[in-house]
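What's in coords_35.txt: compact mmCIF, C-alpha atoms
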# COMPACT_ATOMS: atom_id res chain seq x y z
CA MET N 1 69.38 101.21 99.71
CA ARG N 2 69.55 99.34 103.01
CA SER N 3 71.50 96.45 101.53
CA THR N 4 73.96 98.86 99.87
CA PHE N 5 74.57 100.62 103.19
CA ARG N 6 75.06 97.29 104.93
CA ASP N 7 77.51 96.17 102.25
CA ARG N 8 79.53 99.35 102.73
CA ILE N 9 79.67 98.81 106.48
CA ALA N 10 80.70 95.18 105.93
CA LEU N 11 83.45 96.22 103.51
CA ALA N 12 84.80 98.74 106.01
CA ALA N 13 84.71 96.05 108.70
CA ALA N 14 86.49 93.66 106.33
CA LEU N 15 89.38 96.09 106.05
CA LEU N 16 89.57 97.26 109.67
CA ALA N 17 88.33 94.45 111.93
CA PRO N 18 91.20 91.99 111.16
CA LEU N 19 93.70 94.80 111.83
CA VAL N 20 92.13 95.65 115.17
CA VAL N 21 91.98 92.00 116.26
CA ALA N 22 95.55 91.30 115.11
CA VAL N 23 96.83 94.27 117.13
CA ALA N 24 94.81 93.10 120.14
CA LEU N 25 96.44 89.66 119.86
CA VAL N 26 100.01 91.04 119.83
CA PRO N 27 100.50 90.73 123.64
CA ALA N 28 99.47 87.07 123.43
CA ARG N 29 101.67 86.05 120.50
CA ALA N 30 104.48 84.86 122.79
CA HIS N 31 102.13 82.53 124.69
CA ILE N 32 99.66 81.27 122.08
CA SER N 33 100.49 79.21 119.02
CA SER N 34 100.23 80.73 115.58
CA ALA N 35 97.47 78.29 114.66
CA ASN N 36 95.29 79.45 117.55
CA LEU N 37 95.95 83.10 116.76
CA ALA N 38 94.90 82.40 113.19
CA LEU N 39 91.66 80.84 114.43
CA GLY N 40 90.85 84.08 116.19
CA LEU N 41 91.12 85.89 112.88
CA VAL N 42 88.98 83.27 111.14
CA VAL N 43 86.18 84.17 113.57
CA VAL N 44 86.45 87.78 112.38
CA VAL N 45 86.20 86.68 108.74
CA VAL N 46 83.10 84.61 109.47
CA ALA N 47 81.45 87.54 111.26
CA VAL N 48 82.13 89.89 108.34
CA ALA N 49 80.91 87.35 105.77
CA ALA N 50 77.70 86.84 107.74
CA LEU N 51 77.11 90.60 107.87
CA GLY N 52 77.94 91.57 104.30
CA SER N 53 78.53 90.28 100.82
CA ARG N 54 80.81 87.56 99.47
CA THR N 55 83.22 90.32 98.41
CA ALA N 56 83.43 91.62 101.97
CA GLY N 57 84.21 88.10 103.21
CA VAL N 58 87.02 87.66 100.69
CA VAL N 59 88.46 91.09 101.55
CA ALA N 60 88.30 90.16 105.24
CA ALA N 61 90.18 86.91 104.52
CA LEU N 62 92.91 88.77 102.63
CA SER N 63 93.14 91.42 105.35
CA ALA N 64 93.30 88.77 108.08
CA ALA N 65 96.11 86.90 106.30
CA ALA N 66 98.09 90.12 105.74
CA TRP N 67 97.84 91.36 109.34
CA PHE N 68 98.50 87.89 110.72
CA ASP N 69 101.74 87.94 108.75
CA PHE N 70 102.61 91.50 109.81
CA PHE N 71 101.84 91.34 113.54
CA LEU N 72 101.78 87.69 114.58
CA THR N 73 104.60 85.93 112.69
CA ARG N 74 108.36 86.47 112.87
CA PRO N 75 109.94 88.79 111.88
CA TYR N 76 107.29 91.05 113.44
CA GLN N 77 106.00 94.18 111.70
CA ARG N 78 107.27 93.08 108.34
CA PHE N 79 105.44 91.35 105.52
CA VAL N 80 107.94 88.51 105.65
CA ILE N 81 107.60 85.07 107.25
CA SER N 82 110.71 83.18 108.32
CA ASP N 83 109.10 80.03 109.72
CA GLY N 84 107.78 77.43 107.28
CA ASP N 85 104.96 76.45 109.64
CA ASP N 86 103.82 80.08 109.83
CA VAL N 87 103.78 80.22 106.03
CA THR N 88 101.50 77.19 106.00
CA THR N 89 99.29 78.69 108.72
CA THR N 90 98.97 81.96 106.80
CA LEU N 91 97.99 80.16 103.61
CA LEU N 92 95.49 78.05 105.50
CA LEU N 93 94.06 81.16 107.16
CA LEU N 94 93.55 82.72 103.74
CA ALA N 95 92.05 79.55 102.23
CA VAL N 96 89.75 78.85 105.16
CA GLY N 97 88.69 82.49 105.35
CA VAL N 98 87.75 82.60 101.67
CA ALA N 99 85.94 79.26 101.84
CA VAL N 100 83.98 80.22 104.94
CA SER N 101 83.01 83.56 103.42
CA GLN N 102 81.61 81.75 100.37
CA LEU N 103 79.60 79.39 102.56
CA ALA N 104 78.25 82.24 104.69
CA ALA N 105 77.22 84.24 101.63
CA HIS N 106 75.56 81.17 100.09
CA ALA N 107 73.66 80.40 103.28
CA ARG N 108 72.48 84.00 103.56
CA ARG N 109 71.31 83.97 99.93
CA LEU N 110 69.36 80.75 100.47
CA LYS N 111 67.69 82.26 103.52
CA LEU N 112 66.76 85.37 101.52
CA VAL N 113 65.29 83.26 98.71
CA THR N 114 63.26 81.21 101.20
CA VAL N 115 61.85 84.31 102.90
CA THR N 116 61.13 85.97 99.56
CA ASP N 117 59.40 82.86 98.21
CA ALA N 118 57.16 82.67 101.28
CA ALA N 119 56.21 86.35 100.97
CA HIS N 120 55.45 86.00 97.26
CA LEU N 121 53.31 82.91 97.81
CA THR N 122 51.37 84.76 100.48
CA ARG N 123 50.64 87.64 98.09
CA ILE N 124 49.46 85.31 95.32
CA HIS N 125 47.30 83.33 97.75
CA ASP N 126 45.74 86.45 99.28
CA THR N 127 44.87 87.87 95.87
CA ALA N 128 43.44 84.56 94.62
CA SER N 129 41.31 84.35 97.77
CA LEU N 130 40.02 87.88 97.18
CA VAL N 131 39.06 86.99 93.59
CA GLN N 132 37.32 83.78 94.66
CA SER N 133 35.40 85.60 97.40
CA GLY N 134 33.52 87.57 94.74
CA ALA N 135 35.01 90.92 95.78
CA SER N 136 34.73 93.88 93.43
CA PRO N 137 37.29 93.57 90.62
CA TYR N 138 38.48 97.06 91.46
CA ALA N 139 39.19 95.93 95.02
CA VAL N 140 41.43 93.31 93.42
CA VAL N 141 42.99 95.98 91.19
CA ASP N 142 43.71 98.20 94.20
CA GLN N 143 45.26 95.35 96.16
CA VAL N 144 47.44 94.20 93.26
CA SER N 145 48.52 97.79 92.54
CA ARG N 146 49.85 98.08 96.09
CA GLN N 147 51.56 94.71 95.81
CA LEU N 148 53.22 95.63 92.52
CA VAL N 149 54.58 98.87 93.98
CA GLU N 150 55.99 96.91 96.91
CA ILE N 151 57.60 93.96 95.15
CA LEU N 152 58.89 95.85 92.10
CA GLY N 153 60.03 98.92 94.02
CA LEU N 154 57.90 101.28 91.92
CA ARG N 155 57.34 105.00 92.26
CA GLY N 156 53.77 104.54 91.08
CA CYS N 157 51.30 102.15 89.47
CA ARG N 158 47.97 102.83 87.77
CA PHE N 159 45.47 100.58 86.05
CA GLU N 160 43.82 101.17 82.68
CA HIS N 161 40.72 99.15 81.78
CA GLY N 162 39.82 98.81 78.15
CA THR N 163 41.54 99.42 74.85
CA LEU N 164 45.28 99.12 74.46
CA LEU N 165 46.79 102.46 73.43
CA GLY N 166 50.33 103.25 72.31
CA ARG N 167 53.40 101.01 72.35
CA PRO N 168 55.01 101.43 75.78
CA PRO N 169 57.70 99.02 77.07
CA HIS N 170 56.04 95.76 78.03
CA LEU N 171 56.60 93.30 80.88
CA GLU N 172 56.10 89.94 79.18
CA GLN N 173 54.58 86.73 80.55
CA ASP N 174 58.06 85.21 80.88
CA GLY N 175 59.24 88.11 83.07
CA SER N 176 61.33 89.78 80.36
CA VAL N 177 60.82 93.36 79.18
CA THR N 178 60.52 94.47 75.56
CA ALA N 179 60.89 98.08 74.43
CA GLY N 180 60.43 99.20 70.84
CA GLY N 181 59.88 95.60 69.80
CA ALA N 182 63.31 94.50 71.12
CA HIS N 183 64.24 92.55 74.21
CA ARG N 184 65.78 94.75 76.93
CA ASP N 185 68.73 93.53 78.99
CA LEU N 186 67.53 94.52 82.45
CA GLU N 187 70.74 93.51 84.21
CA LYS N 188 72.79 95.76 81.93
CA ASP N 189 70.39 98.56 81.05
CA GLY N 190 67.97 98.59 84.00
CA TRP N 191 64.33 99.60 83.75
CA PRO N 192 63.21 101.71 80.77
CA GLY N 193 62.94 105.40 81.60
CA GLU N 194 59.16 105.47 81.14
CA GLU N 195 56.01 103.64 82.19
CA ILE N 196 56.00 99.90 81.57
CA GLU N 197 52.87 98.00 80.57
CA LEU N 198 51.84 94.85 82.42
CA ARG N 199 48.73 93.34 80.89
CA ALA N 200 45.87 91.73 82.77
CA SER N 201 44.47 88.97 80.61
CA VAL N 202 42.66 85.65 80.79
CA GLY N 203 42.54 82.92 78.16
CA GLY N 204 44.66 85.07 75.87
CA ARG N 205 42.13 87.94 75.99
CA TYR N 206 43.39 91.37 77.02
CA LEU N 207 41.18 93.01 79.69
CA GLY N 208 43.28 95.87 80.99
CA ARG N 209 46.81 96.81 81.95
CA PHE N 210 48.88 98.12 84.80
CA MET N 211 51.18 101.02 83.94
CA LEU N 212 54.27 100.61 86.10
CA LEU N 213 56.46 103.62 86.90
CA PRO N 214 59.86 102.54 88.28
CA GLU N 215 61.95 104.66 90.62
CA PRO N 216 64.77 106.33 88.64
CA GLY N 217 68.08 104.53 88.97
CA THR N 218 66.70 101.46 90.76
CA VAL N 219 67.88 97.98 89.87
CA PRO N 220 65.08 95.76 88.49
CA PRO N 221 64.09 92.89 90.80
CA PRO N 222 65.09 89.33 89.88
CA LEU N 223 63.18 87.24 87.36
CA GLN N 224 61.40 85.34 90.12
CA THR N 225 59.84 88.56 91.42
CA ARG N 226 58.85 89.75 87.95
CA LEU N 227 57.06 86.44 87.35
CA VAL N 228 55.13 86.97 90.58
CA ALA N 229 54.06 90.37 89.24
CA VAL N 230 52.80 88.70 86.06
CA SER N 231 50.85 86.16 88.11
CA LEU N 232 49.23 88.92 90.18
CA ALA N 233 48.18 90.74 87.00
CA ASP N 234 46.61 87.51 85.74
CA GLN N 235 44.53 87.37 88.92
CA VAL N 236 43.17 90.80 88.02
CA GLY N 237 42.37 89.50 84.53
CA ALA N 238 40.36 86.68 86.10
CA ALA N 239 38.46 89.13 88.33
CA LEU N 240 37.63 91.41 85.39
CA ASP N 241 36.54 88.45 83.25
CA THR N 242 34.15 87.28 85.97
CA ALA N 243 32.65 90.77 86.32
CA GLY N 244 31.95 91.12 82.60
CA PRO N 245 32.83 93.77 80.04
CA ALA N 246 30.98 96.76 81.53
CA LEU N 247 32.64 98.06 84.66
CA ASP N 248 32.11 101.45 86.29
CA ARG N 249 33.43 102.81 89.54
Transcribe the structure of this file into structure tokens.
Amino acid sequence: MRSTFRDRIALAAALLAPLVVAVALVPARAHISSANLALGLVVVVVAVAALGSRTAGVVAALSAAAWFDFFLTRPYQRFVISDGDDVTTTLLLLAVGVAVSQLAAHARRLKLVTVTDAAHLTRIHDTASLVQSGASPYAVVDQVSRQLVEILGLRGCRFEHGTLLGRPPHLEQDGSVTAGGAHRDLEKDGWPGEEIELRASVGGRYLGRFMLLPEPGTVPPPLQTRLVAVSLADQVGAALDTAGPALDR
């Protein structure tokens, strides 16, 4: 939700910020070269691209080029350019703006992946340490349940120890989801509209399962995150295997 709101703000800024800056530069257009005026608009494009999505950066580049043409090149206040150098500057402004927006979006994505990887590794390490410390397997179950809710964006998560019942949708070891025996396209179809099974096993032996309840209408997390969820469930399988078959709260 937060990222969607930020993207909307960035898109609005992409449309309006170049217009505001171009109007502010009008008094200076008689004293500053077109190339320098264009650089001022490039700064706006970079700021928008750093704030929002790649789409917002591209929209900002298009908006900057259009308002540069309209306000800062002759004939003024018309989408016509009479000077060949100004045509070149406008095209360069558009090209540079688009390129910079792509770089900014890529850099932001790499930063997000790095932060996410570090957080996931911390979760896996903390759970493995809890298992190795000899803690109650249900303490491990409780910790992993909280982690699964957090990383998968779930509405709820419960654990069932014992016999497998029913045929609910299943989060597989490779991070994919099957429903009714068929692979589900999560990017296209989203989460199934019911609880999803995530098994806790060790050495191929089934020891229990988490029943995951997604929030309605939420987008499934990327494959990397789903694989972390599988790894956390396997830690629970190891804890249950160590404790033995008879477990009571």
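Among the candidate residues N:Ala104, N:Ala24, N:Val87, N:Leu148, the one lying nearest to Arg54 (chain N) is N:Ala104, with distances computed using all atoms listed in the file.
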Which residues come within 7 Å of region 15-19 of chain N, counting only C-alpha atoms, excluding same-chain residues fewer than 6 positions away, as a ChimeraX atom specification?
/N:41,44,59-60,63-64,67
Just how far from CA of Pro168 (chain N) is CA of Met211 (chain N), in Å to one decimal?
9.0 Å
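Closest approach to Arg123 (chain N) from the set N:Ser231, N:Arg78, N:Leu186, N:Ala238 is made by N:Ser231, with distances taken over only C-alpha atoms.
Of the listed residues N:Val202, N:Ala61, N:Leu92, N:Leu11, the one whose atoms come nearest to Ser34 (chain N) is N:Leu92, with distances taken using all atoms listed in the file.
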Using all atoms listed in the file, collect all residues at a distance of at most 12 Å from (50.3, 97.9, 69.4) as written in the file, then present them as a ChimeraX atom specification.
/N:163-170,179-181,197
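Shortest separation to Val43 (chain N) among N:Val177, N:Ala14, N:Ala107, N:Leu130 occurs at residue N:Ala14, atoms counted being all atoms listed in the file.
Remark: for Thr73 (chain N), the closest of the candidate residues N:Ala30, N:Ile124, N:Val141, N:Ala50 is N:Ala30 (distances computed over all atoms listed in the file).
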